[in-house]
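Presented below is the structure to which this report refers.
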There are 4 protein chains.
Amino acid sequence: MNSLGKMFKLAVFGESHGKCVGVVVDGCPAGLKVDERKIQGELDRRKPGQSKVATARSESDKLVVLSGVFEGRATGAPIAMLVWNEDAKSVDYEKMKNLPRPGHADFTAQEKYGGFNDYRGGGIFSGRVTAALVMAGALAKQVLESKGIIIAAHAKKIGSVETSREFSASEMARESEKNIVRSADASAAARMVREIEKAKSEGDSVGGVVECVAEGVPAGIGEPLFEKLDAEIAKALFSIPSVKGVEFGSVKEKGSGNNDEFVVKNGCVSCRTNNAGGVLAGISSGMPLKFTVKVKPTSSIARKQKTVNLKTLKQEELEVHGRHDACIVPRVIPVVEAATAVVLLDQLMQAQKIGRIIK
Amino acid sequence: MNSLGKMFKLAVFGESHGKCVGVVVDGCPAGLKVDERKIQGELDRRKPGQSKVATARSESDKLVVLSGVFEGRATGAPIAMLVWNEDAKSVDYEKMKNLPRPGHADFTAQEKYGGFNDYRGGGIFSGRVTAALVMAGALAKQVLESKGIIIAAHAKKIGSVETSREFSASEMARESEKNIVRSADASAAARMVREIEKAKSEGDSVGGVVECVAEGVPAGIGEPLFEKLDAEIAKALFSIPSVKGVEFGSVKEKGSGNNDEFVVKNGCVSCRTNNAGGVLAGISSGMPLKFTVKVKPTSSIARKQKTVNLKTLKQEELEVHGRHDACIVPRVIPVVEAATAVVLLDQLMQAQKIGRIIK
Amino acid sequence: MNSLGKMFKLAVFGESHGKCVGVVVDGCPAGLKVDERKIQGELDRRKPGQSKVATARSESDKLVVLSGVFEGRATGAPIAMLVWNEDAKSVDYEKMKNLPRPGHADFTAQEKYGGFNDYRGGGIFSGRVTAALVMAGALAKQVLESKGIIIAAHAKKIGSVETSREFSASEMARESEKNIVRSADASAAARMVREIEKAKSEGDSVGGVVECVAEGVPAGIGEPLFEKLDAEIAKALFSIPSVKGVEFGSVKEKGSGNNDEFVVKNGCVSCRTNNAGGVLAGISSGMPLKFTVKVKPTSSIARKQKTVNLKTLKQEELEVHGRHDACIVPRVIPVVEAATAVVLLDQLMQAQKIGRIIK
Amino acid sequence: MNSLGKMFKLAVFGESHGKCVGVVVDGCPAGLKVDERKIQGELDRRKPGQSKVATARSESDKLVVLSGVFEGRATGAPIAMLVWNEDAKSVDYEKMKNLPRPGHADFTAQEKYGGFNDYRGGGIFSGRVTAALVMAGALAKQVLESKGIIIAAHAKKIGSVETSREFSASEMARESEKNIVRSADASAAARMVREIEKAKSEGDSVGGVVECVAEGVPAGIGEPLFEKLDAEIAKALFSIPSVKGVEFGSVKEKGSGNNDEFVVKNGCVSCRTNNAGGVLAGISSGMPLKFTVKVKPTSSIARKQKTVNLKTLKQEELEVHGRHDACIVPRVIPVVEAATAVVLLDQLMQAQKIGRIIK
């Protein structure tokens, strides 16, 4: 339902226009030095209002830790964290109760919950709830970093602008924060910004592709059949609103070109290429994990759209006011990293490569 | 690990060259008339040796039901099913124990299990183990069909040959069985066959894309955050060997073109288009579920490949003998349908749209 | 870890001396009218300082609902609830960091979490954390009551005083609230109070037995093997601190006397007796659920006790100051009811006897 | 449903009068030397027909391993095991389809599965299905033994005969196999046998109490709130047919007498007494685990009993023919050990005290 993981478990709560968005993280290794500034840093990367290409909704998204941390370290007990909602303008949404916005959860949520769902701003389906994932992911990242595992993502494509350059995780992490679209390719970034601004000026939105790399993942992580590493990561990624596709590595047309031949590097078994994206038969190969995430153009656009009044079953026109992201890709990037971190840590703990106590 | 689902649960066992491949299905609604011929039919669609483009390994894959069915109906207790292995030629594999085949689980499985894994033919990682998923899926399909839900898949692309034609689930089901590559587009199918034969003659292999459609799924299925319908389906699909990507619907570049506007059809809320592939915010919209699955070219090829001897850590050359599929797409198709059926039924039962007793 | 349930799921957080104690309830049927006064009422039955036989720690335990309720009804999204800690006196505990109190979690928690646990007042192991279970249980009770299911518990035994009288659920609910030990047998209650006061005056504590009855549970609830109704209830009951035993029904020595013969009552199949306590082979029989819970005497006593200094590994004497319950049975009673309600609702939802939407 | 565990997972299948009883064990540490004779030995302790106090049903219960073992060792993949049914006499049961036997699952199973359950001999609810638990437990025991953990149980009470003597696990294991009731107290055993024979001669049955001890369990095992060690063991024990109660340690009336004071033994923290039964706040204390299990008298008795014809809803008399155990306690003992072993191993793996690979 609203929980994820087995050894490192998340239970998420909150809504776009309710009191808060929060997460209970169960299973964080005891002893971890919890750096709240780092968690706040990840929240800041995700938060609204951070640039001219993001929504103008103003939320400070200040981290509150409710439990599970004592004298600066994880105790082993559940870590509950939340951010309060401050700038929720429900009035914008009330009149739209019966007018489902195309591309949003409005219609399907009603169908699921018999109309009792909190429809304001999408309720629990709002992208705002990814703040919960980001807090949990920031914790997971701290554990992973202590084991030498680095996760980074960037904008590979926005609108029609795509970079074909390859970046390591550390390059991605460093370069992508230098521009507001978070692309490690500076020249592509400039064009991406223009593409977003053009769409915005037309009352429209654009999508894109996020690329993510995780380095330092040891070989042998993942389960054979239904909890394969790629399967679990894909599942977590699809939990992010607006994600429509996930692809690992870069598949070549012929087997002869696609197979990653084994070689010896620094005395260890390695692969000559990494078309598989670091996962062989669902198990990590020791090569960098590498995958792309397709993000649809934001559903909230300033144009008039057709919809159906759910009460009258009559066709109506809808104009979605409010403060939207003309492209959500830059804000999805920290969420993709968070989802990846959460799954990786869970799987590493299942594989007993990371203990339940960290000293 | 090797189980899937919550209300309709699978536990899979077996290996490529062990005694059998089987599955325990827990939660099948009591009272279901179990049509063993239909399960056998799905096994036959998956089994080796069925055409000139499939491996020559000869397995009758005859269904054995061990438990959970009484007087032709599901009792509510776990249904254990298996197929015995008959034509396993282990001798082919023993000499390769220390020579991991590129693209296969050989290396990662050793890393995961400390070298104790059954390496013969990939052991549990073998594509042969998908027979378990197919048996479970065939059961699920029977429940779904009784509720008017139809799932069908076909080869949308093989090698460089791709069809852009759109098909309904029933067209797919009917047309795709008329050719050995299982493409609903007959003219594309002929070219696909040629593409496979060419690759085979060159000792190579090709990949492709499977497209799957599920019709009749009611709106409101799926969970909000981490057990979204698309997330769960993606997870199950990535559990199929050689799947590298999953994409729902067909994302358009701009929000204005991508949003599926709501319309009234036959007195019900519907969508004018289905770019979302039937899933909005992780919940079914009532439109047909539609997604594509990227399949890599088979890793077993007849060419010499470079690998590393895991004992000596020396570079060696490897020639994989044996009976391979030059393209696995046609045999993956029933597995994609099975995985989809299993997840859909599980979610429908969670949503209480399908009861625990069927009369 | 710190979660429970499948369809009605709990994730608990908080500590005795941290900021708060809370719970995320996932899966509460949408549409339920959430009566916060009833939840508060259950918290009040559990809270400290309510009578002369309970600890003097003063907590208002005021319910805060953070999410999942909109316009007075459950939305279907997770319901997060908490109570803030107010009267935590950590200073009492700090000096005891290395002196584990006999009968408490102090030693085992250190072993489990490598000494990083929040040791103040037992941290997450504190009985205070049962407030989370009580909030969740109060929600579950509201759903169950709407279906005609009533759960009630009372003190059957405290110290050496035991009542042999039998009570229906409604009698228990009504009578037990008339005295501070919560026994439905008023005359036994008076003697129980004296027994507690005597123990208290001696710096000692007493235990007892809680009896619980659930009426209105339909036949057919529970799973055959590992999620039997009695197994799941027992598991939840053992999650309550100080519970050491659980017994269903009242087993007679001989099969001839123990078997509950079937009879027809009001045109329905019923049982002449209820030695089984309403559970046959793990499945509810339609007779009232009936079980007893053995509660150990409170571990916190005012006497000097021997312990070991975990730093020096030297024997020391320990005097536990602070405000203790000389008998915890009266406060355990609402927790037993809560645990039972949570499991029953979960199982009823699994059995699809209670829907995911309530109108 | 019919599965148990998280890291060491069981999925059980089979029925009393179907083809077989089996189990899929997922998560057995790779590398474990699987001693099939030991598994067979445990099956033999449970199997029918082993003594004059057990049922005369004749089953060889010969172990069949279907998967997961290669060259004598666990591979890490699921281990499927089964025993075939040989002496099922269904004819005895068919006429009883509509006459539920008091104390059996006949009525509740019909209620649960709408009458589609396999009613022959109780179907999946039959005590015969505990053979699955025994096979899985025998595997778990092998892992535990390799870590110095010993589990043993014996008959503490049968009918009215009870021993008050205390035994270590090794004494229990050794002494209890010397008599057919499996009591470590030889003199009590003789009287227990007479009690059973007397009951049998009267067409009646008796119950009893099993005591179980696990030695060598390290401190710190178990989860804080809902997966406490005692809670998980209790749950598994209640999954055994005819178990009605579980109690840990031996609770004393006063806190002063009940608290186990800490002492130093051999340089380690230990307890002077073990009233807690080795579990403090749900976490193992390092003292021996110790608990008792109340077993009801066998429901199958040779006397006439009243029941209701489920078709006519008329009262009828029922005479249960067939081959019954006049006391099931001796055969429950290996099942109690098995359930305990399975839970302990699962929790030790969760706590990362036992790895996923054993060399």
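Ligands are numbered from 1 in the order shown, chains are lettered A, B, ... in the order of the structure tokens, and residues start at 1 in each chain.
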
(Q) For a quick test of understanding: name the residues of chain B lying within 12 Å of chain C when counting only C-alpha atoms, and present them as an MDAnalysis selection string. (A) chainID B and resid 5:8 26:27 29:30 75:78 220:221 223:225 346:357

Save out the residues we just selected, C-alpha atoms, as an mmCIF file, in the first residue's frame.
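Generated output (part-v7.cif):
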```cif
data_model
loop_
_atom_site.group_PDB
_atom_site.id
_atom_site.type_symbol
_atom_site.label_atom_id
_atom_site.label_comp_id
_atom_site.auth_asym_id
_atom_site.auth_seq_id
_atom_site.Cartn_x
_atom_site.Cartn_y
_atom_site.Cartn_z
ATOM 1 C CA GLY B 5 2.032 -11.180 -4.468
ATOM 2 C CA LYS B 6 -0.081 -10.565 -1.426
ATOM 3 C CA MET B 7 -3.532 -12.057 -1.921
ATOM 4 C CA PHE B 8 -2.613 -14.239 -4.915
ATOM 5 C CA ASP B 26 -1.616 -19.469 -2.611
ATOM 6 C CA GLY B 27 -4.869 -17.573 -2.591
ATOM 7 C CA PRO B 29 -10.223 -18.133 -5.238
ATOM 8 C CA ALA B 30 -11.991 -21.258 -4.043
ATOM 9 C CA THR B 75 -10.273 -25.627 -2.926
ATOM 10 C CA GLY B 76 -8.813 -22.404 -1.540
ATOM 11 C CA ALA B 77 -5.708 -24.259 -0.355
ATOM 12 C CA PRO B 78 -2.365 -23.734 -2.127
ATOM 13 C CA GLY B 220 -9.606 2.231 -9.374
ATOM 14 C CA ILE B 221 -7.135 -0.676 -9.176
ATOM 15 C CA GLU B 223 -2.341 1.422 -4.491
ATOM 16 C CA PRO B 224 -1.339 5.074 -4.135
ATOM 17 C CA LEU B 225 2.355 5.054 -3.395
ATOM 18 C CA ASP B 346 -3.478 -9.909 -6.961
ATOM 19 C CA GLN B 347 -4.390 -6.244 -7.162
ATOM 20 C CA LEU B 348 -8.010 -6.942 -7.987
ATOM 21 C CA MET B 349 -8.228 -9.182 -4.942
ATOM 22 C CA GLN B 350 -6.582 -6.533 -2.786
ATOM 23 C CA ALA B 351 -9.124 -4.064 -4.083
ATOM 24 C CA GLN B 352 -11.830 -6.628 -3.258
ATOM 25 C CA LYS B 353 -13.061 -6.552 -6.821
ATOM 26 C CA ILE B 354 -12.585 -10.318 -7.031
ATOM 27 C CA GLY B 355 -13.692 -12.418 -4.088
ATOM 28 C CA ARG B 356 -11.970 -15.287 -2.325
ATOM 29 C CA ILE B 357 -14.777 -17.597 -3.427
#
```

Q.
With only C-alpha atoms as the counted atoms, please give the residues lying no more than 12 Å from Arg120 of chain C, apart from itself and same-chain residues fewer than 5 positions off, as a ChimeraX atom specification.
A. /A:70-71,75 /C:15-18,88-101,104-106,109-110,125-126,128

Output the selection as an mmCIF file, in the first residue's frame - C-alpha atoms for each residue.
```cif
data_model
loop_
_atom_site.group_PDB
_atom_site.id
_atom_site.type_symbol
_atom_site.label_atom_id
_atom_site.label_comp_id
_atom_site.auth_asym_id
_atom_site.auth_seq_id
_atom_site.Cartn_x
_atom_site.Cartn_y
_atom_site.Cartn_z
ATOM 1 C CA PHE A 70 19.248 9.964 20.034
ATOM 2 C CA GLU A 71 22.372 11.973 20.653
ATOM 3 C CA THR A 75 18.920 4.157 17.708
ATOM 4 C CA GLU C 15 9.859 6.428 22.509
ATOM 5 C CA SER C 16 9.103 6.824 26.163
ATOM 6 C CA HIS C 17 11.249 9.921 26.582
ATOM 7 C CA GLY C 18 11.462 11.179 23.003
ATOM 8 C CA ALA C 88 9.264 12.605 30.510
ATOM 9 C CA LYS C 89 11.892 12.955 33.228
ATOM 10 C CA SER C 90 15.005 11.735 31.550
ATOM 11 C CA VAL C 91 17.237 12.704 34.378
ATOM 12 C CA ASP C 92 15.980 9.700 36.306
ATOM 13 C CA TYR C 93 17.296 7.383 33.698
ATOM 14 C CA GLU C 94 20.637 8.724 32.651
ATOM 15 C CA LYS C 95 22.538 7.425 35.597
ATOM 16 C CA MET C 96 21.091 4.012 34.925
ATOM 17 C CA LYS C 97 22.505 3.782 31.437
ATOM 18 C CA ASN C 98 24.902 1.035 32.416
ATOM 19 C CA LEU C 99 22.735 -0.564 35.072
ATOM 20 C CA PRO C 100 20.103 -2.679 33.330
ATOM 21 C CA ARG C 101 16.908 -3.005 35.345
ATOM 22 C CA HIS C 104 13.205 -4.613 31.544
ATOM 23 C CA ALA C 105 14.499 -4.238 28.000
ATOM 24 C CA ASP C 106 17.583 -2.326 29.132
ATOM 25 C CA ALA C 109 18.022 -3.570 23.795
ATOM 26 C CA GLN C 110 21.699 -2.786 24.239
ATOM 27 C CA PHE C 125 10.376 -0.875 24.384
ATOM 28 C CA SER C 126 8.477 1.205 26.921
ATOM 29 C CA ARG C 128 4.212 3.938 26.719
#
```

(Q) Would you pick out the contacts of Asn275 of chain D at 9 Å or less, using only C-alpha atoms, so that residues sharing its chain but fewer than 4 positions from it are not included, and give the list as a PyMOL selection string? (A) chain D and resi 248-252+257-260

**Q.** Members of segment 156-311 of chain D assigned alpha helix (DSSP H) by DSSP, as JSON, numbers by chain
**A.** {"D": [169, 170, 171, 172, 173, 174, 175, 176, 186, 187, 188, 189, 190, 191, 192, 193, 194, 195, 196, 197, 198, 199, 200, 201, 229, 230, 231, 232, 233, 234, 235, 236, 237, 238, 255, 256, 257, 258]}

Same residues, N, CA and C atoms, output as a short mmCIF file (atom, residue, chain, number, x, y, z; two decimals), in the first residue's frame:
```
data_model
loop_
_atom_site.label_atom_id
_atom_site.label_comp_id
_atom_site.auth_asym_id
_atom_site.auth_seq_id
_atom_site.Cartn_x
_atom_site.Cartn_y
_atom_site.Cartn_z
N ALA D 169 18.16 -28.81 27.41
CA ALA D 169 17.80 -29.22 26.06
C ALA D 169 18.41 -30.56 25.70
N SER D 170 19.65 -30.77 26.07
CA SER D 170 20.29 -32.04 25.68
C SER D 170 19.69 -33.21 26.46
N GLU D 171 19.36 -32.98 27.72
CA GLU D 171 18.67 -34.04 28.48
C GLU D 171 17.34 -34.37 27.83
N MET D 172 16.61 -33.33 27.52
CA MET D 172 15.30 -33.54 26.87
C MET D 172 15.45 -34.37 25.61
N ALA D 173 16.40 -33.95 24.78
CA ALA D 173 16.59 -34.61 23.49
C ALA D 173 16.92 -36.09 23.69
N ARG D 174 17.78 -36.35 24.66
CA ARG D 174 18.25 -37.72 24.89
C ARG D 174 17.19 -38.57 25.58
N GLU D 175 16.64 -38.05 26.67
CA GLU D 175 15.74 -38.87 27.48
C GLU D 175 14.36 -39.07 26.85
N SER D 176 13.90 -38.05 26.16
CA SER D 176 12.52 -38.13 25.69
C SER D 176 12.35 -39.18 24.60
N ALA D 186 11.26 -40.34 32.97
CA ALA D 186 10.90 -41.73 32.66
C ALA D 186 9.73 -42.22 33.51
N SER D 187 9.73 -41.82 34.77
CA SER D 187 8.68 -42.36 35.63
C SER D 187 7.33 -41.74 35.29
N ALA D 188 7.37 -40.46 35.00
CA ALA D 188 6.12 -39.82 34.55
C ALA D 188 5.66 -40.44 33.24
N ALA D 189 6.61 -40.76 32.39
CA ALA D 189 6.28 -41.31 31.07
C ALA D 189 5.44 -42.58 31.19
N ALA D 190 5.85 -43.42 32.10
CA ALA D 190 5.13 -44.69 32.27
C ALA D 190 3.67 -44.42 32.64
N ARG D 191 3.48 -43.45 33.54
CA ARG D 191 2.10 -43.13 33.93
C ARG D 191 1.34 -42.44 32.80
N MET D 192 2.06 -41.67 32.01
CA MET D 192 1.41 -41.02 30.86
C MET D 192 0.89 -42.06 29.88
N VAL D 193 1.71 -43.06 29.62
CA VAL D 193 1.28 -44.12 28.68
C VAL D 193 0.00 -44.77 29.19
N ARG D 194 -0.03 -45.07 30.48
CA ARG D 194 -1.24 -45.69 31.04
C ARG D 194 -2.45 -44.79 30.89
N GLU D 195 -2.24 -43.52 31.11
CA GLU D 195 -3.35 -42.55 30.98
C GLU D 195 -3.91 -42.54 29.55
N ILE D 196 -3.00 -42.58 28.60
CA ILE D 196 -3.45 -42.60 27.19
C ILE D 196 -4.21 -43.89 26.90
N GLU D 197 -3.63 -45.00 27.38
CA GLU D 197 -4.28 -46.29 27.08
C GLU D 197 -5.67 -46.37 27.71
N LYS D 198 -5.77 -45.81 28.89
CA LYS D 198 -7.07 -45.81 29.57
C LYS D 198 -8.07 -45.00 28.74
N ALA D 199 -7.66 -43.82 28.33
CA ALA D 199 -8.54 -42.97 27.53
C ALA D 199 -8.95 -43.69 26.25
N LYS D 200 -7.98 -44.34 25.63
CA LYS D 200 -8.24 -45.05 24.37
C LYS D 200 -9.27 -46.16 24.60
N SER D 201 -9.10 -46.87 25.68
CA SER D 201 -10.00 -47.99 25.95
C SER D 201 -11.42 -47.48 26.20
N LEU D 229 10.58 -11.88 19.46
CA LEU D 229 10.92 -13.29 19.35
C LEU D 229 9.82 -14.17 19.90
N ASP D 230 9.28 -13.82 21.06
CA ASP D 230 8.23 -14.66 21.64
C ASP D 230 6.95 -14.57 20.81
N ALA D 231 6.67 -13.39 20.25
CA ALA D 231 5.46 -13.22 19.44
C ALA D 231 5.53 -14.09 18.18
N GLU D 232 6.69 -14.11 17.55
CA GLU D 232 6.83 -14.90 16.32
C GLU D 232 6.80 -16.40 16.62
N ILE D 233 7.41 -16.79 17.72
CA ILE D 233 7.37 -18.21 18.09
C ILE D 233 5.93 -18.60 18.42
N ALA D 234 5.24 -17.76 19.19
CA ALA D 234 3.86 -18.06 19.55
C ALA D 234 3.00 -18.21 18.29
N LYS D 235 3.19 -17.32 17.35
CA LYS D 235 2.42 -17.40 16.11
C LYS D 235 2.66 -18.74 15.40
N ALA D 236 3.91 -19.12 15.31
CA ALA D 236 4.23 -20.38 14.63
C ALA D 236 3.66 -21.57 15.39
N LEU D 237 3.69 -21.50 16.71
CA LEU D 237 3.17 -22.63 17.50
C LEU D 237 1.66 -22.75 17.34
N PHE D 238 0.98 -21.62 17.31
CA PHE D 238 -0.47 -21.67 17.13
C PHE D 238 -0.85 -22.18 15.74
N GLY D 255 6.54 -9.13 41.57
CA GLY D 255 7.66 -8.61 40.79
C GLY D 255 9.00 -8.97 41.42
N SER D 256 9.04 -8.88 42.74
CA SER D 256 10.31 -9.16 43.43
C SER D 256 10.76 -10.61 43.19
N GLY D 257 9.80 -11.49 43.07
CA GLY D 257 10.17 -12.90 42.84
C GLY D 257 10.30 -13.23 41.37
N ASN D 258 9.70 -12.39 40.55
CA ASN D 258 9.65 -12.70 39.11
C ASN D 258 10.85 -12.15 38.34
#
```

Q: Write out as a ChimeraX atom specification which residues come within 12 Å of Thr312 of chain C when counting only C-alpha atoms, dropping same-chain ones fewer than 2 positions away.
A: /C:98-99,307-310,314-316 /D:264,267-269

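When atom CA of Arg46 of chain D is paired with atom CA of Glu211 of chain D, their separation reads 16.5 Å.
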
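Proximity to Asp325 of chain C at 8 Å, evaluated using only C-alpha atoms and with sequence-adjacent residues fewer than 5 positions away removed, yields Val53, Ala54, Thr55, Ser205, Thr298 and Ser300 of chain C.
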
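Note that atom CA of Gly121 of chain C and atom CA of Glu202 of chain C are 22.8 Å apart.
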
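Of the residues under consideration (B:Gly207, B:Val69, B:Asp87, B:Ala131), B:Ala131 shows the shortest atom-to-atom contact distance to Val12 of chain B when counting only C-alpha atoms.
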
Q: Would you return as a ChimeraX atom specification the members of segment 131-225 of chain B that DSSP assigns to strand (DSSP E) on this structure's backbone?
A: /B:150-158,161-162,208-215

Just N, CA and C atoms for this one: save the residues we selected as a CSV table (one decimal), in the first residue's frame.
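For reference, result34.csv as written:
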```
chain,number,residue,atom,x,y,z
B,150,ILE,N,-9.3,-9.5,-20.4
B,150,ILE,CA,-8.5,-10.2,-21.4
B,150,ILE,C,-7.1,-9.6,-21.5
B,151,ILE,N,-6.1,-10.5,-21.4
B,151,ILE,CA,-4.7,-10.0,-21.6
B,151,ILE,C,-4.1,-10.6,-22.8
B,152,ALA,N,-3.4,-9.8,-23.6
B,152,ALA,CA,-2.8,-10.4,-24.8
B,152,ALA,C,-1.5,-9.6,-25.1
B,153,ALA,N,-0.5,-10.3,-25.6
B,153,ALA,CA,0.8,-9.6,-26.0
B,153,ALA,C,1.2,-10.1,-27.3
B,154,HIS,N,2.0,-9.3,-28.0
B,154,HIS,CA,2.6,-9.8,-29.3
B,154,HIS,C,3.9,-9.1,-29.5
B,155,ALA,N,4.6,-9.6,-30.5
B,155,ALA,CA,5.9,-9.0,-30.9
B,155,ALA,C,5.7,-7.7,-31.6
B,156,LYS,N,6.1,-6.6,-31.0
B,156,LYS,CA,6.0,-5.3,-31.7
B,156,LYS,C,7.2,-5.1,-32.5
B,157,LYS,N,8.3,-5.6,-32.0
B,157,LYS,CA,9.6,-5.4,-32.7
B,157,LYS,C,10.5,-6.6,-32.5
B,158,ILE,N,11.2,-7.0,-33.6
B,158,ILE,CA,12.2,-8.0,-33.5
B,158,ILE,C,13.4,-7.5,-34.4
B,161,VAL,N,13.0,-4.8,-37.2
B,161,VAL,CA,11.7,-4.8,-37.8
B,161,VAL,C,10.6,-4.5,-36.7
B,162,GLU,N,9.9,-3.4,-37.0
B,162,GLU,CA,8.9,-2.9,-36.0
B,162,GLU,C,7.6,-2.6,-36.7
B,208,GLY,N,14.2,-7.5,-29.1
B,208,GLY,CA,13.0,-6.9,-29.6
B,208,GLY,C,12.1,-6.3,-28.5
B,209,VAL,N,10.9,-6.0,-28.9
B,209,VAL,CA,9.9,-5.4,-28.0
B,209,VAL,C,8.6,-6.1,-28.0
B,210,VAL,N,8.1,-6.5,-26.8
B,210,VAL,CA,6.8,-7.1,-26.7
B,210,VAL,C,5.8,-6.0,-26.3
B,211,GLU,N,4.7,-6.0,-26.9
B,211,GLU,CA,3.6,-5.1,-26.5
B,211,GLU,C,2.5,-5.9,-25.9
B,212,CYS,N,2.0,-5.4,-24.8
B,212,CYS,CA,0.9,-6.1,-24.1
B,212,CYS,C,-0.3,-5.2,-23.8
B,213,VAL,N,-1.4,-5.7,-23.9
B,213,VAL,CA,-2.7,-5.0,-23.6
B,213,VAL,C,-3.6,-5.8,-22.7
B,214,ALA,N,-4.2,-5.1,-21.7
B,214,ALA,CA,-5.2,-5.8,-20.9
B,214,ALA,C,-6.5,-5.0,-21.0
B,215,GLU,N,-7.5,-5.6,-21.4
B,215,GLU,CA,-8.8,-5.0,-21.5
B,215,GLU,C,-9.8,-5.5,-20.5
```

Q. Do you know which residues are at most 8 Å from Lys306 of chain B counting only C-alpha atoms, after dropping those on the same chain fewer than 5 positions away, and could you put them as a PyMOL selection string?
A. (chain A and resi 261-263) or (chain B and resi 102+315-318)

Generate the output file for the selected residues, N, CA and C atoms, as a JSON list (two decimals), in the first residue's frame.
```json
[["chain", "number", "residue", "atom", "x", "y", "z"],
["A", 261, "GLU", "N", 31.48, -8.72, -22.35],
["A", 261, "GLU", "CA", 32.49, -9.75, -22.12],
["A", 261, "GLU", "C", 33.22, -9.51, -20.80],
["A", 262, "PHE", "N", 33.60, -10.62, -20.17],
["A", 262, "PHE", "CA", 34.31, -10.51, -18.89],
["A", 262, "PHE", "C", 35.80, -10.28, -19.12],
["A", 263, "VAL", "N", 36.36, -9.42, -18.31],
["A", 263, "VAL", "CA", 37.80, -9.15, -18.37],
["A", 263, "VAL", "C", 38.33, -9.06, -16.94],
["B", 102, "PRO", "N", 29.14, -14.56, -20.93],
["B", 102, "PRO", "CA", 28.71, -13.15, -20.96],
["B", 102, "PRO", "C", 27.20, -13.04, -21.11],
["B", 315, "GLN", "N", 42.27, -14.69, -18.65],
["B", 315, "GLN", "CA", 41.36, -14.47, -19.77],
["B", 315, "GLN", "C", 41.27, -15.76, -20.59],
["B", 316, "GLU", "N", 40.07, -16.15, -21.02],
["B", 316, "GLU", "CA", 39.93, -17.31, -21.89],
["B", 316, "GLU", "C", 38.88, -17.01, -22.96],
["B", 317, "GLU", "N", 38.83, -17.89, -23.94],
["B", 317, "GLU", "CA", 37.76, -17.79, -24.93],
["B", 317, "GLU", "C", 36.73, -18.86, -24.65],
["B", 318, "LEU", "N", 35.52, -18.54, -24.96],
["B", 318, "LEU", "CA", 34.42, -19.43, -24.61],
["B", 318, "LEU", "C", 33.56, -19.63, -25.84]]
```
